$ cat protein.pdb   # PDB, C-alpha atoms
ATOM      1  CA  MET A   1     -36.985 174.132  -3.865
ATOM      2  CA  LYS A   2     -33.988 172.414  -5.461
ATOM      3  CA  THR A   3     -31.957 169.698  -3.759
ATOM      4  CA  ASN A   4     -28.901 171.894  -3.123
ATOM      5  CA  GLU A   5     -31.133 174.544  -1.539
ATOM      6  CA  VAL A   6     -32.681 171.937   0.795
ATOM      7  CA  GLU A   7     -29.192 170.787   1.742
ATOM      8  CA  LYS A   8     -28.241 174.296   2.828
ATOM      9  CA  LEU A   9     -31.584 174.998   4.524
ATOM     10  CA  LEU A  10     -31.862 171.814   6.613
ATOM     11  CA  GLY A  11     -28.242 170.674   6.837
ATOM     12  CA  ILE A  12     -29.125 167.291   5.356
ATOM     13  CA  SER A  13     -26.815 165.814   2.755
ATOM     14  CA  LYS A  14     -27.962 164.952  -0.746
ATOM     15  CA  GLN A  15     -27.336 161.242  -0.158
ATOM     16  CA  THR A  16     -29.484 161.294   2.983
ATOM     17  CA  LEU A  17     -32.313 163.114   1.172
ATOM     18  CA  PHE A  18     -32.297 160.451  -1.536
ATOM     19  CA  TYR A  19     -32.201 157.721   1.119
ATOM     20  CA  TYR A  20     -35.305 159.109   2.854
ATOM     21  CA  GLU A  21     -37.055 159.205  -0.458
ATOM     22  CA  LYS A  22     -36.011 155.634  -1.246
ATOM     23  CA  GLU A  23     -37.354 154.469   2.138
ATOM     24  CA  GLY A  24     -40.739 155.966   1.265
ATOM     25  CA  LEU A  25     -40.714 158.663   3.923
ATOM     26  CA  LEU A  26     -41.639 161.332   1.382
ATOM     27  CA  GLU A  27     -42.530 161.740  -2.290
ATOM     28  CA  VAL A  28     -40.718 164.570  -4.053
ATOM     29  CA  PRO A  29     -42.352 165.991  -7.219
ATOM     30  CA  ARG A  30     -40.126 166.612 -10.232
ATOM     31  CA  ASP A  31     -39.986 169.373 -12.817
ATOM     32  CA  VAL A  32     -40.520 168.703 -16.509
ATOM     33  CA  ASN A  33     -36.743 168.358 -16.876
ATOM     34  CA  GLY A  34     -36.679 165.609 -14.193
ATOM     35  CA  TYR A  35     -35.085 167.639 -11.395
ATOM     36  CA  ARG A  36     -36.500 167.295  -7.877
ATOM     37  CA  ASN A  37     -38.512 170.231  -6.654
ATOM     38  CA  TYR A  38     -39.200 169.984  -2.908
ATOM     39  CA  SER A  39     -42.549 171.392  -1.816
ATOM     40  CA  ASP A  40     -43.328 173.117   1.463
ATOM     41  CA  THR A  41     -44.925 169.850   2.612
ATOM     42  CA  ASN A  42     -41.715 167.999   1.789
ATOM     43  CA  ILE A  43     -39.706 170.532   3.781
ATOM     44  CA  SER A  44     -42.040 170.122   6.769
ATOM     45  CA  VAL A  45     -41.751 166.320   6.590
ATOM     46  CA  LEU A  46     -37.964 166.547   6.342
ATOM     47  CA  GLN A  47     -37.864 168.802   9.394
ATOM     48  CA  SER A  48     -39.927 166.213  11.286
ATOM     49  CA  ILE A  49     -37.658 163.401  10.111
ATOM     50  CA  LYS A  50     -34.558 165.328  11.175
ATOM     51  CA  TYR A  51     -36.037 165.980  14.612
ATOM     52  CA  LEU A  52     -37.005 162.335  15.108
ATOM     53  CA  ARG A  53     -33.627 161.102  13.892
ATOM     54  CA  ASN A  54     -31.911 163.478  16.344
ATOM     55  CA  LEU A  55     -33.827 161.558  19.042
ATOM     56  CA  ASP A  56     -32.098 158.447  17.642
ATOM     57  CA  ILE A  57     -35.401 156.975  16.499
ATOM     58  CA  ALA A  58     -34.899 154.310  13.843
ATOM     59  CA  ILE A  59     -35.919 155.001  10.227
ATOM     60  CA  ASP A  60     -38.593 152.296  10.320
ATOM     61  CA  ASP A  61     -40.121 153.835  13.443
ATOM     62  CA  VAL A  62     -39.963 157.295  11.897
ATOM     63  CA  GLY A  63     -42.040 155.973   8.984
ATOM     64  CA  LEU A  64     -44.566 154.431  11.384
ATOM     65  CA  ILE A  65     -44.951 157.752  13.232
ATOM     66  CA  LEU A  66     -45.353 159.779  10.033
ATOM     67  CA  ASN A  67     -47.944 157.306   8.702
ATOM     68  CA  GLY A  68     -49.851 157.288  12.000
ATOM     69  CA  ASP A  69     -49.313 153.533  12.481
ATOM     70  CA  ILE A  70     -47.907 154.046  15.995
ATOM     71  CA  SER A  71     -48.170 156.881  18.463
ATOM     72  CA  PHE A  72     -45.264 159.182  19.215
ATOM     73  CA  GLN A  73     -45.617 158.422  22.942
ATOM     74  CA  ASP A  74     -45.386 154.666  22.354
ATOM     75  CA  ILE A  75     -42.141 155.163  20.447
ATOM     76  CA  LEU A  76     -40.821 157.432  23.211
ATOM     77  CA  SER A  77     -41.680 154.790  25.812
ATOM     78  CA  ILE A  78     -39.808 152.133  23.830
ATOM     79  CA  LYS A  79     -36.888 154.521  23.337
ATOM     80  CA  THR A  80     -36.781 155.301  27.068
ATOM     81  CA  ASP A  81     -36.451 151.598  27.933
ATOM     82  CA  GLU A  82     -33.745 151.218  25.305
ATOM     83  CA  ILE A  83     -31.776 154.211  26.607
ATOM     84  CA  GLU A  84     -32.031 153.017  30.230
ATOM     85  CA  ASP A  85     -30.820 149.573  29.178
ATOM     86  CA  ASN A  86     -27.900 151.151  27.307
ATOM     87  CA  ILE A  87     -27.068 153.295  30.335
ATOM     88  CA  GLU A  88     -26.810 150.189  32.533
ATOM     89  CA  LYS A  89     -24.650 148.460  29.929
ATOM     90  CA  SER A  90     -22.468 151.573  29.669
ATOM     91  CA  LYS A  91     -22.079 151.748  33.439
ATOM     92  CA  SER A  92     -21.036 148.107  33.535
ATOM     93  CA  LEU A  93     -18.619 148.662  30.643
ATOM     94  CA  LEU A  94     -17.210 151.788  32.304
ATOM     95  CA  SER A  95     -16.660 149.854  35.527
ATOM     96  CA  ASP A  96     -14.788 147.102  33.653
ATOM     97  CA  VAL A  97     -12.684 149.625  31.735
ATOM     98  CA  GLU A  98     -11.817 151.622  34.864
ATOM     99  CA  THR A  99     -10.924 148.453  36.779
ATOM    100  CA  LEU A 100      -8.580 147.276  34.024
ATOM    101  CA  ARG A 101      -7.058 150.746  33.724
ATOM    102  CA  GLU A 102      -6.457 150.970  37.472
ATOM    103  CA  LYS A 103      -5.014 147.448  37.416
ATOM    104  CA  GLN A 104      -2.344 148.761  34.980
ATOM    105  CA  SER A 105      -2.286 145.372  33.312
ATOM    106  CA  PRO A 106      -0.931 144.804  29.808
ATOM    107  CA  TYR A 107      -3.193 143.086  27.325
ATOM    108  CA  LEU A 108      -3.028 139.321  27.830
ATOM    109  CA  THR A 109      -4.250 136.705  25.381
ATOM    110  CA  ASN A 110      -6.592 135.179  27.972
ATOM    111  CA  ILE A 111      -7.557 138.433  29.695
ATOM    112  CA  GLN A 112     -11.249 137.748  29.007
ATOM    113  CA  ASN A 113     -11.009 134.733  31.351
ATOM    114  CA  LEU A 114      -9.445 136.683  34.210
ATOM    115  CA  GLU A 115     -11.763 138.152  36.784
ATOM    116  CA  SER A 116     -11.034 141.755  37.714
ATOM    117  CA  ASP A 117     -11.470 142.457  41.389
ATOM    118  CA  THR A 118     -13.505 145.632  42.017
ATOM    119  CA  LYS A 119     -13.493 145.608  45.823
ATOM    120  CA  ARG A 120     -12.179 148.572  47.753
ATOM    121  CA  TYR A 121     -10.911 148.281  51.295
ATOM    122  CA  PRO A 122     -10.728 151.164  53.801
ATOM    123  CA  PHE A 123      -7.229 151.827  55.122
ATOM    124  CA  SER A 124      -5.831 149.257  52.653
ATOM    125  CA  TYR A 125      -7.289 146.274  54.465
ATOM    126  CA  TRP A 126      -6.323 143.830  53.054
ATOM    127  CA  LYS A 127      -5.267 144.756  49.520
ATOM    128  CA  THR A 128      -3.621 148.132  49.104
ATOM    129  CA  THR A 129      -3.627 148.664  45.312
ATOM    130  CA  ASP A 130      -5.571 147.455  42.274
ATOM    131  CA  THR A 131      -2.491 146.097  40.519
ATOM    132  CA  ALA A 132      -1.542 142.425  40.570
ATOM    133  CA  THR A 133       0.979 142.238  43.410
ATOM    134  CA  ILE A 134       3.210 139.729  45.160
ATOM    135  CA  GLY A 135       3.287 140.941  48.725
ATOM    136  CA  ARG A 136       1.490 144.139  49.640
ATOM    137  CA  ARG A 137       2.587 147.575  48.522
ATOM    138  CA  VAL A 138       2.916 150.089  51.340
ATOM    139  CA  THR A 139       0.521 153.033  51.052
ATOM    140  CA  ARG A 140      -0.441 155.990  53.199
ATOM    141  CA  GLY A 141      -3.549 154.123  54.297
ATOM    142  CA  ILE A 142      -1.670 151.110  55.597
ATOM    143  CA  ILE A 143       0.954 153.287  57.314
ATOM    144  CA  PHE A 144      -1.848 155.140  59.098
ATOM    145  CA  ARG A 145      -3.383 151.819  60.155
ATOM    146  CA  TRP A 146      -0.025 150.588  61.475
ATOM    147  CA  MET A 147       0.439 153.775  63.480
ATOM    148  CA  ILE A 148      -3.019 153.504  65.044
ATOM    149  CA  SER A 149      -2.697 149.794  65.822
ATOM    150  CA  PHE A 150       0.779 150.188  67.366
ATOM    151  CA  PHE A 151      -0.481 153.083  69.482
ATOM    152  CA  PHE A 152      -3.244 150.968  71.011
ATOM    153  CA  ILE A 153      -0.922 147.967  71.365
ATOM    154  CA  SER A 154       1.501 150.176  73.326
ATOM    155  CA  ILE A 155      -1.241 151.365  75.663
ATOM    156  CA  THR A 156      -2.428 147.784  76.172
ATOM    157  CA  LEU A 157       1.081 146.576  76.981
ATOM    158  CA  THR A 158       1.622 149.442  79.425
ATOM    159  CA  VAL A 159      -1.695 148.801  81.155
ATOM    160  CA  SER A 160      -0.850 145.105  81.427
ATOM    161  CA  ALA A 161       2.558 145.955  82.891
ATOM    162  CA  SER A 162       0.950 148.323  85.405
ATOM    163  CA  ILE A 163      -1.509 145.673  86.558
ATOM    164  CA  GLY A 164       1.267 143.082  86.822
ATOM    165  CA  LEU A 165       3.457 145.373  88.902
ATOM    166  CA  ALA A 166       0.570 146.275  91.156
ATOM    167  CA  ARG A 167      -0.182 142.610  91.843
ATOM    168  CA  VAL A 168       3.335 141.249  92.112
ATOM    169  CA  ALA A 169       5.416 144.103  93.506
ATOM    170  CA  ASN A 170       2.629 146.162  95.036
ATOM    171  CA  TYR A 171       3.807 149.104  92.974
ATOM    172  CA  SER A 172       1.628 151.464  90.962
ATOM    173  CA  LEU A 173       2.923 153.530  88.065
ATOM    174  CA  THR A 174       2.483 157.276  88.248
ATOM    175  CA  GLY A 175       0.852 159.097  85.336
ATOM    176  CA  THR A 176       4.213 160.366  84.116
ATOM    177  CA  GLN A 177       5.752 156.890  84.272
ATOM    178  CA  PHE A 178       2.784 155.431  82.401
ATOM    179  CA  VAL A 179       3.153 157.996  79.601
ATOM    180  CA  LEU A 180       6.936 157.522  79.393
ATOM    181  CA  ILE A 181       6.634 153.730  79.214
ATOM    182  CA  THR A 182       3.896 154.003  76.563
ATOM    183  CA  ILE A 183       6.044 156.341  74.454
ATOM    184  CA  THR A 184       9.022 154.009  74.837
ATOM    185  CA  VAL A 185       6.966 151.007  73.684
ATOM    186  CA  ILE A 186       5.609 152.988  70.724
ATOM    187  CA  VAL A 187       9.105 154.064  69.688
ATOM    188  CA  CYS A 188      10.409 150.496  69.977
ATOM    189  CA  LEU A 189       7.526 149.149  67.883
ATOM    190  CA  TYR A 190       8.034 151.814  65.227
ATOM    191  CA  ILE A 191      11.772 151.094  65.094
ATOM    192  CA  ALA A 192      11.021 147.381  64.708
ATOM    193  CA  LEU A 193       8.541 148.211  61.946
ATOM    194  CA  ILE A 194      11.005 150.401  60.072
ATOM    195  CA  MET A 195      13.664 147.707  60.375
ATOM    196  CA  ASP A 196      11.074 145.310  58.904
ATOM    197  CA  VAL A 197      11.530 142.736  61.657
ATOM    198  CA  ILE A 198       7.822 142.574  62.573
ATOM    199  CA  PRO A 199       6.489 139.778  60.361
ATOM    200  CA  LEU A 200       3.314 140.169  58.361
ATOM    201  CA  GLY A 201       0.951 137.639  56.906
ATOM    202  CA  THR A 202      -0.537 134.305  57.779
ATOM    203  CA  PRO A 203      -0.035 131.498  58.113
ATOM    204  CA  VAL A 204       3.720 132.167  57.714
ATOM    205  CA  GLY A 205       5.155 135.553  58.599
ATOM    206  CA  SER A 206       6.712 137.550  55.755
ATOM    207  CA  TYR A 207       8.247 140.963  55.193
ATOM    208  CA  ARG A 208       5.991 143.962  55.661
ATOM    209  CA  LEU A 209       7.720 146.346  53.268
ATOM    210  CA  ARG A 210       8.843 144.151  50.362
ATOM    211  CA  PHE A 211       6.620 143.680  47.345
ATOM    212  CA  VAL A 212       6.576 143.246  43.568
ATOM    213  CA  GLU A 213       3.729 144.714  41.530
ATOM    214  CA  PHE A 214       3.074 144.130  37.841
ATOM    215  CA  THR A 215       2.251 147.042  35.523
ATOM    216  CA  GLU A 216       1.669 147.339  31.794
ATOM    217  CA  THR A 217       5.376 147.647  30.990
ATOM    218  CA  GLY A 218       7.101 145.707  33.752
ATOM    219  CA  VAL A 219       7.441 145.453  37.513
ATOM    220  CA  ASN A 220       7.882 147.849  40.414
ATOM    221  CA  TYR A 221       9.440 146.539  43.595
ATOM    222  CA  TYR A 222      10.939 147.570  46.892
ATOM    223  CA  GLN A 223      13.689 145.634  48.642
ATOM    224  CA  GLY A 224      14.571 146.927  52.089
ATOM    225  CA  LYS A 225      18.206 147.567  52.880
ATOM    226  CA  GLY A 226      18.106 148.419  56.550
ATOM    227  CA  PHE A 227      16.718 151.055  58.884
ATOM    228  CA  LYS A 228      17.805 154.150  56.929
ATOM    229  CA  SER A 229      16.609 152.813  53.576
ATOM    230  CA  ASN A 230      13.260 151.722  55.005
ATOM    231  CA  LEU A 231      12.749 155.019  56.806
ATOM    232  CA  GLU A 232      13.409 156.956  53.580
ATOM    233  CA  TYR A 233      10.990 154.672  51.760
ATOM    234  CA  ILE A 234       8.191 155.122  54.317
ATOM    235  CA  ILE A 235       8.695 158.916  54.267
ATOM    236  CA  SER A 236       8.561 158.884  50.456
ATOM    237  CA  VAL A 237       5.257 156.970  50.590
ATOM    238  CA  ILE A 238       3.789 159.486  53.037
ATOM    239  CA  ARG A 239       4.915 162.318  50.733
ATOM    240  CA  GLY A 240       3.364 160.555  47.724
ATOM    241  CA  MET A 241       6.687 159.990  45.937
ATOM    242  CA  ASP A 242       7.301 156.265  46.483
ATOM    243  CA  LYS A 243      10.963 155.332  46.041
ATOM    244  CA  VAL A 244      10.559 152.032  44.226
ATOM    245  CA  THR A 245      12.701 150.275  41.635
ATOM    246  CA  SER A 246      11.177 149.787  38.172
ATOM    247  CA  LYS A 247      12.190 147.162  35.633
ATOM    248  CA  GLN A 248      10.867 146.368  32.161
ATOM    249  CA  PHE A 249       9.670 142.845  31.435
ATOM    250  CA  SER A 250      12.587 142.564  29.025
ATOM    251  CA  ASP A 251      14.961 143.230  31.954
ATOM    252  CA  ILE A 252      13.871 140.075  33.784
ATOM    253  CA  GLN A 253      16.330 137.212  33.366
ATOM    254  CA  SER A 254      14.285 134.642  35.281
ATOM    255  CA  VAL A 255      11.687 134.124  37.975
ATOM    256  CA  LYS A 256      12.103 131.135  40.260
ATOM    257  CA  ILE A 257       9.256 129.994  42.480
ATOM    258  CA  ASN A 258       9.958 127.589  45.333
ATOM    259  CA  THR A 259       6.784 126.231  46.875
ATOM    260  CA  VAL A 260       7.951 124.796  50.180
ATOM    261  CA  THR A 261       6.363 123.185  53.211
ATOM    262  CA  ARG A 262       6.621 125.205  56.387
ATOM    263  CA  TYR A 263       5.071 124.778  59.797
ATOM    264  CA  TYR A 264       2.598 127.103  61.422
ATOM    265  CA  ARG A 265       0.871 127.185  64.773
ATOM    266  CA  PRO A 266      -1.487 130.060  65.696
ATOM    267  CA  TYR A 267       0.157 132.160  68.375
ATOM    268  CA  ALA A 268      -2.869 132.119  70.681
ATOM    269  CA  TYR A 269      -2.973 128.313  70.667
ATOM    270  CA  ARG A 270       0.717 127.392  70.650
ATOM    271  CA  SER A 271       0.405 125.505  73.901
ATOM    272  CA  TYR A 272      -2.593 123.470  72.835
ATOM    273  CA  ILE A 273      -2.331 122.318  69.222
ATOM    274  CA  PRO A 274       0.466 120.832  67.106
ATOM    275  CA  ALA A 275       2.025 122.796  64.275
ATOM    276  CA  MET A 276       0.259 122.578  60.922
ATOM    277  CA  GLN A 277       1.944 122.002  57.588
ATOM    278  CA  VAL A 278       1.364 124.743  55.015
ATOM    279  CA  LYS A 279       2.706 125.138  51.492
ATOM    280  CA  VAL A 280       3.887 128.660  50.736
ATOM    281  CA  PRO A 281       5.845 130.095  47.791
ATOM    282  CA  ASP A 282       9.101 132.019  47.801
ATOM    283  CA  PHE A 283       9.957 134.143  44.748
ATOM    284  CA  LEU A 284      13.385 134.943  43.341
ATOM    285  CA  PHE A 285      13.510 137.570  40.563
ATOM    286  CA  THR A 286      16.825 137.749  38.722
ATOM    287  CA  PHE A 287      17.472 140.638  36.334
ATOM    288  CA  LYS A 288      19.787 140.894  33.358
ATOM    289  CA  ASP A 289      21.875 143.599  35.029
ATOM    290  CA  GLY A 290      22.955 141.067  37.660
ATOM    291  CA  THR A 291      20.665 142.265  40.458
ATOM    292  CA  SER A 292      18.074 140.060  42.134
ATOM    293  CA  PHE A 293      15.103 140.371  44.422
ATOM    294  CA  TYR A 294      13.863 137.758  46.914
ATOM    295  CA  LEU A 295      10.462 137.483  48.538
ATOM    296  CA  TYR A 296       9.959 135.140  51.485
ATOM    297  CA  ALA A 297       6.425 133.697  51.763
ATOM    298  CA  PRO A 298       4.712 136.869  50.475
ATOM    299  CA  MET A 299       0.979 137.489  50.744
ATOM    300  CA  ILE A 300      -0.998 136.988  47.521
ATOM    301  CA  LEU A 301      -4.423 138.508  48.011
ATOM    302  CA  ASN A 302      -7.813 138.522  46.289
ATOM    303  CA  ASN A 303      -7.633 137.076  42.753
ATOM    304  CA  ASP A 304      -4.041 138.209  42.147
ATOM    305  CA  LEU A 305      -2.846 134.607  41.861
ATOM    306  CA  GLU A 306      -4.529 133.967  38.498
ATOM    307  CA  TRP A 307      -3.341 137.339  37.160
ATOM    308  CA  LEU A 308       0.223 136.654  38.325
ATOM    309  CA  VAL A 309       0.259 133.254  36.613
ATOM    310  CA  ALA A 310      -1.048 134.784  33.365
ATOM    311  CA  LEU A 311       1.451 137.665  33.514
ATOM    312  CA  LEU A 312       4.411 135.433  34.281
ATOM    313  CA  LYS A 313       3.533 132.983  31.515
ATOM    314  CA  GLU A 314       3.170 135.674  28.875
ATOM    315  CA  LYS A 315       5.785 138.239  29.889
ATOM    316  CA  VAL A 316       8.677 136.274  31.407
ATOM    317  CA  GLU A 317      10.658 133.869  29.252
ATOM    318  CA  ASN A 318      12.533 131.895  31.913
ATOM    319  CA  LEU A 319      10.183 130.561  34.592
ATOM    320  CA  VAL A 320      11.327 127.969  37.102
ATOM    321  CA  ASN A 321       8.852 125.748  38.969
ATOM    322  CA  LEU A 322       5.771 127.640  37.765
ATOM    323  CA  ASP A 323       3.785 124.457  37.063
ATOM    324  CA  ASP A 324       4.579 123.151  40.530
ATOM    325  CA  PHE A 325       3.458 126.469  42.020
ATOM    326  CA  ILE A 326       0.161 126.355  40.088
ATOM    327  CA  GLU A 327      -0.541 122.747  41.070
ATOM    328  CA  LYS A 328       0.182 123.309  44.763
ATOM    329  CA  GLY A 329      -1.733 126.592  44.647
ATOM    330  CA  LYS A 330      -4.864 124.717  43.532
ATOM    331  CA  ASN A 331      -4.569 122.393  46.499
TER     332      ASN A 331
END

$ encode --input "protein.pdb" --output "structure tokens"
Amino acid sequence: MKTNEVEKLLGISKQTLFYYEKEGLLEVPRDVNGYRNYSDTNISVLQSIKYLRNLDIAIDDVGLILNGDISFQDILSIKTDEIEDNIEKSKSLLSDVETLREKQSPYLTNIQNLESDTKRYPFSYWKTTDTATIGRRVTRGIIFRWMISFFFISITLTVSASIGLARVANYSLTGTQFVLITITVIVCLYIALIMDVIPLGTPVGSYRLRFVEFTETGVNYYQGKGFKSNLEYIISVIRGMDKVTSKQFSDIQSVKINTVTRYYRPYAYRSYIPAMQVKVPDFLFTFKDGTSFYLYAPMILNNDLEWLVALLKEKVENLVNLDDFIEKGKN
């Protein structure tokens, strides 16, 4: 059988046929005119080679099998270990790729030195998104957690009030009064939340709703503008259509970081211990269109700090007090 006929029969290219022959996997007899004439034995060997190569068995190992120098099962055992090892490597690679994709980070020159956090927290506790963020972006999960926590806080406050009245004024709340007071406390807490007057974060309280997150192309941020604006924002988050402001990196005029000393004393121990000094950063983003965005003592969670430093250094031209922020952050 001529070479072109073998090509059509087995679907093996001429170059590959010659390569197998060169590697000593088969000897092809030639006609008197020098043309290759593949025998039935050659065809059978080529079919075996094609099958083994489809199993991704190396050429050298194929030769060993055909020559009887190693058993087929031994090669399969070796191949199984190799495939399982590759699967584990692929899983690890897939995890790294997915983490970076979900982080929405641009490529950074030192990205190989930045650790990607792969933790997931139920109900957004503590971190709410995978992106590098100053503050904490509001999500459905964290809104749900706020609603649940405020509900139980309201019941606790009402129970405490009932016990206090019973002891001091010898007066017990009726069931209807208890429910009405609980609802009133819940409404007041929710109004305070929407107005963003309930501080968040330790050791220094900060805004609950404000945040800046870094994406591949720029930043997304939310800056509250009162009850109506915050209510619309929370509703948009619940509906899955977050009303945030987006800016390109090229739109950023400057980022100023003021790392200042503030004083903190845990609420539960305010009567017993002196206030502690803590160094916390404030961020001022100024944009080329004249707008600005200020963050007071925002939370920086997980390993976001190193990502934020890398992003700011590479993507923002005018940085103020970054070195001071890095030095105080280390301490």

$ atom_distance --input "protein.pdb" --atom1 "atom CA of A:Leu108" --atom2 "atom CA of A:Val244"
24.8 Å

$ residues_around --input "protein.pdb" --residues "stretch 299-316 of chain A" --least-positions-apart "2" --cutoff "10 Å" --atoms "all atoms listed in the file" --output "count of residues only"
59

$ residues_around --input "protein.pdb" --residues "A:Ser236" --least-positions-apart "5" --cutoff "12 Å" --atoms "only C-alpha atoms" --output "number ranges by chain"
A: 138-140, 143, 229-231, 241-244

$ closest_residue --input "protein.pdb" --among "A:Thr80, A:Thr261, A:Asn37, A:Thr99" --to "A:Gln277" --atoms "only C-alpha atoms"
A:Thr261

$ axis_aligned_box --input "protein.pdb" --around "stretch 297-303 of chain A" --padding-each-side "3 Å" --output "JSON"
{"center_x": -0.7, "center_y": 136.1, "center_z": 47.3, "size_x": 20.2, "size_y": 10.8, "size_z": 15.0}

$ atom_distance --input "protein.pdb" --atom1 "atom CA of A:Met276" --atom2 "atom CA of A:Leu209"
26.1 Å

$ closest_residue --input "protein.pdb" --among "A:Val219, A:Ala166, A:Ile83, A:Ala161" --to "A:Ile181" --atoms "only C-alpha atoms"
A:Ala161

$ atom_distance --input "protein.pdb" --atom1 "atom CA of A:Tyr294" --atom2 "atom CA of A:Val212"
9.7 Å

$ closest_residue --input "protein.pdb" --among "A:Ile49, A:Met195, A:Val187, A:Val260" --to "A:Tyr233" --atoms "all atoms listed in the file"
A:Met195

$ residues_around --input "protein.pdb" --residues "stretch 24-36 of chain A" --least-positions-apart "3" --cutoff "9 Å" --atoms "all atoms listed in the file" --output "list in words"
Met1, Lys2, Thr3, Tyr19, Tyr20, Glu21, Ser39, Asn42, Val45, Leu46, Ile49, Ile59, Val62, Gly63, Leu66 and Asn67 of chain A

$ closest_residue --input "protein.pdb" --among "A:Thr291, A:Ser71, A:Phe283, A:Arg137" --to "A:Asn220" --atoms "all atoms listed in the file"
A:Arg137

$ resolve_selection --input "protein.pdb" --expression "the PyMOL selection byres ((chain A and resi 146) around 12)" --output "ChimeraX atom specification"
/A:123-125,138-145,147-154,186,189-190,192-194,198,200,208,234

$ residues_near_point --input "protein.pdb" --point "(-33.8, 156.7, 17.6)" --cutoff "12 Å" --atoms "all atoms listed in the file" --output "MDAnalysis selection string"
chainID A and resid 49:63 72 75:83

$ decode --input "protein.pdb" --residues "stretch 21-42 of chain A" --atoms "C-alpha atoms" --output "CSV table (one decimal), in the first residue's frame"
chain,number,residue,atom,x,y,z
A,21,GLU,CA,9.8,5.1,10.6
A,22,LYS,CA,12.8,7.2,11.6
A,23,GLU,CA,12.2,6.4,15.3
A,24,GLY,CA,12.4,2.7,14.4
A,25,LEU,CA,8.8,1.9,15.2
A,26,LEU,CA,8.4,0.0,11.9
A,27,GLU,CA,10.4,-1.0,8.8
A,28,VAL,CA,8.6,-0.3,5.5
A,29,PRO,CA,9.7,-2.3,2.5
A,30,ARG,CA,10.3,-0.5,-0.8
A,31,ASP,CA,9.5,-1.3,-4.4
A,32,VAL,CA,12.3,-1.6,-7.0
A,33,ASN,CA,11.7,2.0,-7.9
A,34,GLY,CA,12.3,3.1,-4.2
A,35,TYR,CA,8.8,3.9,-3.3
A,36,ARG,CA,7.5,2.7,0.1
A,37,ASN,CA,5.0,-0.1,0.0
A,38,TYR,CA,3.3,-0.7,3.4
A,39,SER,CA,2.5,-4.3,4.2
A,40,ASP,CA,-0.4,-5.6,6.2
A,41,THR,CA,2.0,-5.9,9.2
A,42,ASN,CA,3.0,-2.3,8.8
